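Chemist: Have a peek at final17.cif (mmCIF, C-alpha atoms).
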```
data_model
loop_
_atom_site.label_atom_id
_atom_site.label_comp_id
_atom_site.auth_asym_id
_atom_site.auth_seq_id
_atom_site.Cartn_x
_atom_site.Cartn_y
_atom_site.Cartn_z
CA MET S 1 0.00 0.00 0.00
CA PHE S 2 3.03 2.31 0.09
CA PHE S 3 2.67 3.15 -3.59
CA PHE S 4 3.94 6.72 -3.12
CA ALA S 5 7.41 5.45 -2.14
CA SER S 6 7.94 4.13 -5.59
CA LEU S 7 7.44 7.50 -7.18
CA PRO S 8 10.83 9.04 -8.07
CA ASN S 9 10.09 12.51 -6.58
CA MET S 10 9.09 11.13 -3.14
CA LYS S 11 12.58 9.98 -2.02
CA PRO S 12 13.77 13.47 -0.95
CA LEU S 13 10.41 14.03 0.81
CA LEU S 14 10.73 10.73 2.68
CA LYS S 15 14.31 11.57 3.67
CA SER S 16 13.15 15.00 4.97
CA ALA S 17 10.34 13.37 6.95
CA ILE S 18 12.74 10.90 8.59
CA THR S 19 15.18 13.72 9.42
CA LEU S 20 12.34 15.80 10.89
CA ALA S 21 11.08 12.85 12.98
CA PHE S 22 14.60 12.18 14.33
CA PHE S 23 15.10 15.87 15.15
CA SER S 24 11.69 16.00 16.94
CA ILE S 25 12.58 12.97 19.08
CA PHE S 26 15.94 14.57 19.86
CA LEU S 27 14.21 17.78 21.05
CA ILE S 28 11.77 15.82 23.20
CA VAL S 29 14.65 13.99 24.88
CA LEU S 30 16.48 17.29 25.49
CA SER S 31 13.40 18.98 26.97
CA THR S 32 12.58 16.12 29.36
CA PRO S 33 13.79 16.91 32.89
CA PRO S 34 16.61 14.69 34.09
CA ALA S 35 15.67 11.67 36.19
CA PHE S 36 17.45 13.07 39.22
CA SER S 37 15.51 16.33 39.32
CA GLN S 38 13.21 16.65 42.29
CA LYS S 39 9.93 18.43 42.81
CA ASN S 40 8.06 18.78 46.04
CA GLN S 41 4.81 20.72 46.15
CA ILE S 42 4.05 22.34 49.51
CA ASP S 43 0.74 24.14 49.20
CA ARG S 44 -0.75 26.86 51.35
CA ILE S 45 -2.96 25.66 54.19
CA ASN S 46 -6.10 27.82 54.16
CA LEU S 47 -7.15 28.06 57.79
CA ASN S 48 -10.61 28.19 59.32
CA TRP S 49 -11.67 27.93 62.95
CA ASN S 50 -13.03 24.40 62.46
CA MET S 51 -9.46 23.16 62.03
CA TYR S 52 -8.59 24.13 65.62
CA LYS S 53 -8.97 22.20 68.84
CA LYS S 54 -11.73 23.99 70.77
CA LEU S 55 -11.06 25.16 74.31
CA ASN S 56 -13.31 26.95 76.77
CA ASN S 57 -12.01 29.22 79.53
CA SER S 58 -8.35 28.48 78.91
CA ASN S 59 -5.73 30.23 80.98
CA LEU S 60 -3.55 30.75 77.93
CA PRO S 61 -2.45 34.33 77.24
CA PHE S 62 -3.80 34.37 73.66
CA ILE S 63 -7.12 33.43 72.10
CA ALA S 64 -5.58 31.22 69.42
CA TYR S 65 -2.40 29.27 68.79
CA THR S 66 -1.39 27.82 65.44
CA ALA S 67 1.08 24.95 65.33
CA HIS S 68 2.45 22.97 62.41
CA ARG S 69 4.40 19.85 61.76
CA THR S 70 7.24 20.01 59.26
CA LEU S 71 8.27 16.51 58.32
CA HIS S 72 11.02 15.39 56.01
CA GLN S 73 12.06 12.06 54.66
CA TYR S 74 14.62 10.95 52.15
CA ARG S 75 15.78 7.94 50.23
CA ALA S 76 19.51 7.44 49.82
CA THR S 77 20.98 5.50 46.91
CA GLN S 78 24.66 4.74 46.61
CA LYS S 79 26.41 3.80 43.37
CA GLY S 80 30.10 3.37 43.97
CA SER S 81 31.34 6.51 45.66
CA GLN S 82 28.34 8.59 44.51
CA LEU S 83 25.40 9.22 46.82
CA SER S 84 22.00 10.35 45.62
CA LEU S 85 19.30 11.57 48.01
CA VAL S 86 15.66 12.08 47.06
CA PHE S 87 13.73 14.25 49.52
CA ASN S 88 10.13 14.78 50.47
CA VAL S 89 9.08 17.63 52.76
CA ALA S 90 5.54 18.05 54.07
CA VAL S 91 3.94 20.76 56.20
CA SER S 92 0.65 20.17 57.98
CA LEU S 93 -1.44 21.86 60.64
CA ASP S 94 -1.07 20.20 64.03
CA GLY S 95 -4.73 19.88 64.99
CA GLN S 96 -3.97 18.96 68.60
CA GLN S 97 -1.58 21.83 69.27
CA SER S 98 -3.55 24.45 67.30
CA THR S 99 -6.13 25.76 69.72
CA VAL S 100 -8.82 28.44 69.95
CA ASP S 101 -10.60 29.56 73.12
CA LEU S 102 -14.23 29.70 71.99
CA ARG S 103 -15.41 31.79 74.94
CA ARG S 104 -12.83 34.47 74.29
CA LEU S 105 -13.30 34.26 70.51
CA ALA S 106 -17.03 34.95 71.01
CA THR S 107 -16.17 38.27 72.68
CA LEU S 108 -14.70 39.58 69.41
CA ALA S 109 -16.75 41.34 66.75
CA GLU S 110 -16.79 39.70 63.30
CA GLU S 111 -14.00 42.01 62.10
CA GLY S 112 -11.89 41.02 65.12
CA LYS S 113 -12.45 37.31 64.43
CA LYS S 114 -11.51 37.83 60.79
CA ASN S 115 -8.34 39.77 61.74
CA LEU S 116 -7.31 37.13 64.28
CA LEU S 117 -7.77 34.30 61.78
CA ASN S 118 -5.78 36.31 59.21
CA HIS S 119 -2.96 36.71 61.73
CA GLU S 120 -2.98 32.98 62.46
CA GLN S 121 -2.95 32.37 58.69
CA GLY S 122 0.36 34.24 58.68
CA HIS S 123 1.87 31.69 61.06
CA SER S 124 0.63 28.96 58.74
CA ASP S 125 2.08 30.75 55.71
CA LEU S 126 5.45 31.02 57.45
CA ALA S 127 5.42 27.26 58.06
CA VAL S 128 4.77 26.65 54.35
CA ILE S 129 7.42 29.17 53.25
CA TYR S 130 10.00 27.58 55.53
CA GLY S 131 8.96 24.11 54.40
CA ARG S 132 9.87 25.23 50.87
CA ILE S 133 13.14 26.75 52.14
CA LEU S 134 13.94 23.47 53.88
CA TYR S 135 13.29 21.48 50.72
CA LYS S 136 15.46 23.80 48.64
CA ALA S 137 18.32 23.67 51.18
CA LEU S 138 18.16 19.87 51.38
CA THR S 139 18.20 19.38 47.62
CA LYS S 140 21.01 21.90 46.94
CA LYS S 141 23.46 20.31 49.36
CA VAL S 142 26.08 17.87 48.11
CA TYR S 143 26.31 14.88 50.44
CA THR S 144 28.88 12.19 51.04
CA VAL S 145 28.32 8.71 52.42
CA LYS S 146 30.03 9.76 55.65
CA ASN S 147 28.19 13.03 56.28
CA TYR S 148 24.70 12.83 54.79
CA GLN S 149 22.74 11.91 57.95
CA LYS S 150 24.47 14.58 60.03
CA GLU S 151 24.09 17.21 57.28
CA VAL S 152 20.37 16.49 56.71
CA LYS S 153 19.71 16.75 60.45
CA LYS S 154 21.65 20.04 60.70
CA ILE S 155 19.78 21.62 57.77
CA TYR S 156 16.44 20.52 59.25
CA GLU S 157 17.23 21.85 62.74
CA ASP S 158 18.69 25.14 61.44
CA THR S 159 15.64 25.78 59.25
CA LEU S 160 13.16 25.08 62.07
CA LYS S 161 15.17 27.37 64.36
CA GLU S 162 14.89 30.15 61.73
CA LEU S 163 11.15 29.47 61.48
CA ALA S 164 10.73 29.81 65.26
CA GLU S 165 12.68 33.09 65.19
CA ILE S 166 10.65 34.59 62.34
CA ASN S 167 7.39 33.52 64.01
CA ALA S 168 8.46 35.38 67.16
CA ARG S 169 9.40 38.44 65.08
CA TYR S 170 6.05 38.29 63.26
CA ASP S 171 4.15 38.27 66.58
CA MET S 172 6.30 41.05 68.02
CA GLU S 173 6.02 43.37 65.00
CA THR S 174 2.27 42.88 64.61
CA MET S 175 1.52 42.75 68.37
CA HIS S 176 -0.07 39.35 67.69
CA GLY S 177 -2.13 40.80 64.86
CA GLU S 178 -3.44 43.83 66.76
CA GLU S 179 -1.36 46.36 64.79
CA GLN S 180 -2.89 46.57 61.31
CA GLU S 181 -0.12 48.42 59.44
CA PRO S 182 2.65 45.89 60.20
CA GLN S 183 0.14 43.07 59.66
CA ASP S 184 -0.59 44.45 56.19
CA LYS S 185 3.16 44.50 55.41
CA TRP S 186 3.51 40.88 56.49
CA ASP S 187 0.42 39.94 54.45
CA LEU S 188 2.12 41.39 51.35
CA TYR S 189 5.24 39.38 52.15
CA PHE S 190 3.16 36.17 52.43
CA LYS S 191 1.37 36.93 49.17
CA LYS S 192 4.67 37.51 47.35
CA GLU S 193 6.43 34.46 48.80
CA LEU S 194 3.51 32.12 48.18
CA LYS S 195 2.74 33.73 44.80
CA LEU S 196 -0.89 34.34 45.73
CA LYS S 197 -3.25 36.37 43.58
#
```
Rewrite the structure from the file as structure tokens, please.

Modeler:
Amino acid sequence: MFFFASLPNMKPLLKSAITLAFFSIFLIVLSTPPAFSQKNQIDRINLNWNMYKKLNNSNLPFIAYTAHRTLHQYRATQKGSQLSLVFNVAVSLDGQQSTVDLRRLATLAEEGKKNLLNHEQGHSDLAVIYGRILYKALTKKVYTVKNYQKEVKKIYEDTLKELAEINARYDMETMHGEEQEPQDKWDLYFKKELKLK
């Protein structure tokens, strides 16, 4: 059924088609990311009060506390003297440690409740931002067979220490969300870092 191949003028066309097909396959291979590239999606956690453990008449100094878990795991593969690590980092709301005092929350007007939840959202956004920072730091590092466990642990601990420090700074600068101007500046920072619309 390939009658066109026998026509004398079709040989150059067939040769061009084969060359084009080979070139297309070559481009596809070049544009495919290498097998060792890593991606780890850490999405924003959109908070609402139903995600919190409910307390009544707590003696805690603040109406709400937001806590997160930042977990990491990795798989190490050794080929000769080369070591390859594949990482996964996850950030989640800690539903047992994140609390809201319902009695005290009820004393706030709707605007106050909205502002408080927005402030707590900032703590959540910081956890996500630093989860991404942790992932980037872990994947950029070059590891050896002798040092990889120690280095991974150090990067994890250093990043969580930075997160604790920036959370404290965030609370101090915003007076725990009571100062609107600094809160607005932080909100812009979160929007930029998380690439929110």

Chemist: Spell out the residues picked by the PyMOL selection byres ((chain S and resi 145) around 12) here, as a PyMOL selection string.

Modeler: chain S and resi 76-85+142-144+146-152

Chemist: Within 12 Å of segment 174-193 of chain S, which residues of segment 54-160 of chain S show up? Give each one with its shortest atom-to-atom distance in Å (one decimal) and the two atoms involved, counting all atoms listed in the file, rows by chain then rising residue number, as a tab-separated table.

Modeler:
```
residue	atom	partner	partner_atom	distance
S:Pro61	CA	S:His176	CA	11.0
S:Phe62	CA	S:His176	CA	8.6
S:Ile63	CA	S:His176	CA	10.2
S:Ala64	CA	S:His176	CA	10.0
S:Tyr65	CA	S:His176	CA	10.4
S:Thr66	CA	S:His176	CA	11.8
S:Glu111	CA	S:Glu178	CA	11.7
S:Gly112	CA	S:Glu178	CA	9.1
S:Lys113	CA	S:Gly177	CA	10.9
S:Lys114	CA	S:Gly177	CA	10.6
S:Asn115	CA	S:Gly177	CA	7.0
S:Leu116	CA	S:Gly177	CA	6.4
S:Leu117	CA	S:Gly177	CA	9.1
S:Asn118	CA	S:Gly177	CA	8.1
S:His119	CA	S:Gly177	CA	5.2
S:Glu120	CA	S:Gly177	CA	8.2
S:Gln121	CA	S:Asp187	CA	9.3
S:Gly122	CA	S:Asp187	CA	7.1
S:His123	CA	S:Phe190	CA	9.8
S:Ser124	CA	S:Phe190	CA	9.9
S:Asp125	CA	S:Phe190	CA	6.4
S:Leu126	CA	S:Phe190	CA	7.5
S:Ala127	CA	S:Phe190	CA	10.8
S:Val128	CA	S:Glu193	CA	9.7
S:Ile129	CA	S:Glu193	CA	7.0
S:Tyr130	CA	S:Glu193	CA	10.3
S:Arg132	CA	S:Glu193	CA	10.1
S:Ile133	CA	S:Glu193	CA	10.8
```

Chemist: Taking only C-alpha atoms into account, name the residue in S:Leu60, S:Leu134, S:Leu108, S:Ile45 that is nearest to Asp94 of chain S.

Modeler: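 So, comparing all the options, the nearest one is S:Ile45.
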
Chemist: Which is closer to Lys153 of chain S than all the others in S:Ala137, S:Val100, S:Leu55, S:Ala90, using only C-alpha atoms?

Modeler: S:Ala137

Chemist: For the provided coordinates, the residues matched by the PyMOL selection byres ((chain S and resi 88) around 12) should be stated as a list of chain:residue names.

Modeler: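 What the PyMOL selection byres ((chain S and resi 88) around 12) grabs from the file is S:Gln38, S:Lys39, S:Asn40, S:Gln41, S:Ile42, S:Thr70, S:Leu71, S:His72, S:Gln73, S:Tyr74, S:Arg75, S:Ala76, S:Leu85, S:Val86, S:Phe87, S:Val89, S:Ala90, S:Val91, S:Gly131, S:Arg132, S:Leu134, S:Tyr135, S:Lys136, S:Leu138, S:Thr139.
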
Chemist: Can I get segment 130-145 of chain S with N, CA and C atoms filled in, as a PDB file, in the coordinates of the input?

Modeler:
```pdb
ATOM      1  N   TYR S 130       8.793  28.217  55.013  1.00  0.00           N
ATOM      2  CA  TYR S 130      10.000  27.580  55.530  1.00  0.00           C
ATOM      3  C   TYR S 130      10.075  26.098  55.190  1.00  0.00           C
ATOM      4  N   GLY S 131       8.938  25.469  54.934  1.00  0.00           N
ATOM      5  CA  GLY S 131       8.960  24.110  54.400  1.00  0.00           C
ATOM      6  C   GLY S 131       9.603  24.102  53.019  1.00  0.00           C
ATOM      7  N   ARG S 132       9.271  25.109  52.211  1.00  0.00           N
ATOM      8  CA  ARG S 132       9.870  25.230  50.870  1.00  0.00           C
ATOM      9  C   ARG S 132      11.362  25.553  50.974  1.00  0.00           C
ATOM     10  N   ILE S 133      11.717  26.426  51.923  1.00  0.00           N
ATOM     11  CA  ILE S 133      13.140  26.750  52.140  1.00  0.00           C
ATOM     12  C   ILE S 133      13.902  25.499  52.558  1.00  0.00           C
ATOM     13  N   LEU S 134      13.305  24.710  53.437  1.00  0.00           N
ATOM     14  CA  LEU S 134      13.940  23.470  53.880  1.00  0.00           C
ATOM     15  C   LEU S 134      14.174  22.535  52.694  1.00  0.00           C
ATOM     16  N   TYR S 135      13.160  22.364  51.883  1.00  0.00           N
ATOM     17  CA  TYR S 135      13.290  21.480  50.720  1.00  0.00           C
ATOM     18  C   TYR S 135      14.411  21.947  49.793  1.00  0.00           C
ATOM     19  N   LYS S 136      14.429  23.244  49.534  1.00  0.00           N
ATOM     20  CA  LYS S 136      15.460  23.800  48.640  1.00  0.00           C
ATOM     21  C   LYS S 136      16.852  23.589  49.228  1.00  0.00           C
ATOM     22  N   ALA S 137      17.007  23.837  50.533  1.00  0.00           N
ATOM     23  CA  ALA S 137      18.320  23.670  51.180  1.00  0.00           C
ATOM     24  C   ALA S 137      18.753  22.206  51.150  1.00  0.00           C
ATOM     25  N   LEU S 138      17.819  21.295  51.387  1.00  0.00           N
ATOM     26  CA  LEU S 138      18.160  19.870  51.380  1.00  0.00           C
ATOM     27  C   LEU S 138      18.584  19.395  49.994  1.00  0.00           C
ATOM     28  N   THR S 139      17.907  19.869  48.973  1.00  0.00           N
ATOM     29  CA  THR S 139      18.200  19.380  47.620  1.00  0.00           C
ATOM     30  C   THR S 139      19.429  20.041  47.000  1.00  0.00           C
ATOM     31  N   LYS S 140      19.829  21.215  47.484  1.00  0.00           N
ATOM     32  CA  LYS S 140      21.010  21.900  46.940  1.00  0.00           C
ATOM     33  C   LYS S 140      22.314  21.334  47.494  1.00  0.00           C
ATOM     34  N   LYS S 141      22.263  20.775  48.672  1.00  0.00           N
ATOM     35  CA  LYS S 141      23.460  20.310  49.360  1.00  0.00           C
ATOM     36  C   LYS S 141      24.058  19.091  48.660  1.00  0.00           C
ATOM     37  N   VAL S 142      25.376  19.043  48.625  1.00  0.00           N
ATOM     38  CA  VAL S 142      26.080  17.870  48.110  1.00  0.00           C
ATOM     39  C   VAL S 142      26.474  17.024  49.327  1.00  0.00           C
ATOM     40  N   TYR S 143      26.098  15.764  49.295  1.00  0.00           N
ATOM     41  CA  TYR S 143      26.310  14.880  50.440  1.00  0.00           C
ATOM     42  C   TYR S 143      27.341  13.803  50.112  1.00  0.00           C
ATOM     43  N   THR S 144      28.002  13.340  51.168  1.00  0.00           N
ATOM     44  CA  THR S 144      28.880  12.190  51.040  1.00  0.00           C
ATOM     45  C   THR S 144      28.295  11.065  51.885  1.00  0.00           C
ATOM     46  N   VAL S 145      28.796   9.863  51.662  1.00  0.00           N
ATOM     47  CA  VAL S 145      28.320   8.710  52.420  1.00  0.00           C
ATOM     48  C   VAL S 145      28.561   8.931  53.911  1.00  0.00           C
TER      49      VAL S 145
END
```
